[in-house]
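Data block below; observations after.
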Amino acid sequence: MTPTATRLTSMRRTRRRTNTLVLIVLIAFSIVMLIPIYYLIVTTFKTTAEAAANPMGLPSSFDLSIYVDAFIRMDYPRAFLNTFIITAGSVIGVVLFASMAGYALNRKANSRIAAIAFLVLLSGLMFPYQMSILGLYEVIKSLGLMNSLLGVILINVAVNLPFATLLFYAFTSTIPRELEEAASIDGAGVLRTFATIVFPLLRPAVVTVAILNTLSAWNDFMGPLYFLQSREKQVILQEVYRNIGQFSIDWASLFPMMVLGVLPLVVFYVILQRHVIGGVAGSIKG
């Protein structure tokens, strides 16, 4: 065997060993990441005493009636509908207003007023909205939106608007201005140009913003906790929270309700997996 052939064989063996080692590390990492999911699922089939005595062990029986009981106790259809309305309204509002704001601020970047407005908008990223919860409470109360889903939607839109605007602002830079100039020559106004030409080209950013805000709005607990008092308006996380008492936690009901709360997000990801990956990749590329 020639020295060149020997070197190539050695390189192939080294590459195979490296790939095998990387595969083993990834499998081990995946197992570690799956442990919380395993713990959540198996605990749903245990009693409170069994969950405390043997946290990681398998349950003595797999009885699905506990999910039926959790479904009924949390009035799941009502809680799901409230959560869905808040999430859908928040995502639509953020995508609509952030895309228009990001586009306008990008195209008027040379304007001093636009630059100041952009800085003021981005200042919202510096402070969590929990710091101004008292002011928000007074504003929502003065608008007559207490115990209203619309009030929570408006808060979610305002809180998530700065970061979404930043994403749209950056992505708008990848859209050639010549397309807008051609539309202007054809007689299209600003709104028509944005709706028919610019917005469709913002699809990767739209998908990314929609994904991030879906997760944020669906998992939001503080907003509904402060601004939704009646149980008819409460969301899934508030129903889950009912199992946490001052001195004890009803684990037997808590974990099935958590699974029912997470399940819609899992279905959302499975159905839109291609768009999720494509949107994130397109946003990074853009």
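Ordering of the structure tokens sets the chain letters (A, B, ...), residue numbers begin anew at 1 in every chain, and ligands are numbered from 1 in the order given.
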
Problem set entry | For Thr214 of chain A: contacts at 10 Å, only C-alpha atoms, fewer than 5 positions along chain excluded, given as number ranges by chain | A: 84, 86-92, 208-209, 219-220, 265, 268

For this session: Based on DSSP run over this structure's backbone, return all residues of segment 35-277 of chain A in helix (DSSP H, G or I), as a VMD selection string.
Result: chain A and resid 35 to 43 48 to 53 65 to 73 76 to 107 112 to 125 129 to 142 149 to 172 177 to 185 190 to 201 203 to 218 222 to 227 231 to 233 236 to 241 251 to 271 273 to 277

Exercise. For Phe127 of chain A, which residue out of A:Ala188, A:Asn160, A:Met258, A:Ser148 is the nearest one, using only C-alpha atoms?
Worked result: A:Asn160

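Each of A:Gln130, A:Asn156, A:Ser253, A:Ser216 was checked against Thr44 of chain A using only C-alpha atoms; the smallest atom-to-atom distance is that of A:Ser253.
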
For this session: Quick one: everything within 10 Å of Ala104 of chain A, counting only C-alpha atoms, minus sequence neighbours fewer than 6 positions away in the same chain. Send it as a PyMOL selection string.
Result: chain A and resi 98+114+168-169+172+190+194

Export of prior selection with C-alpha atoms as an mmCIF file, in the first residue's frame:
```
data_model
loop_
_atom_site.group_PDB
_atom_site.id
_atom_site.type_symbol
_atom_site.label_atom_id
_atom_site.label_comp_id
_atom_site.auth_asym_id
_atom_site.auth_seq_id
_atom_site.Cartn_x
_atom_site.Cartn_y
_atom_site.Cartn_z
ATOM 1 C CA ALA A 98 -44.572 45.466 13.921
ATOM 2 C CA ALA A 114 -37.805 58.152 12.471
ATOM 3 C CA PHE A 168 -38.892 43.387 10.671
ATOM 4 C CA TYR A 169 -36.658 46.458 10.513
ATOM 5 C CA THR A 172 -36.795 44.897 5.375
ATOM 6 C CA VAL A 190 -47.740 53.183 0.173
ATOM 7 C CA PHE A 194 -46.699 47.289 1.431
#
```

Exercise. In Å to one decimal, how far is atom CA of Ala51 of chain A from atom CA of Val32 of chain A?
Worked result: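 Taking atom CA of Val32 of chain A as the start and atom CA of Ala51 of chain A as the end point, the length is 20.2 Å.
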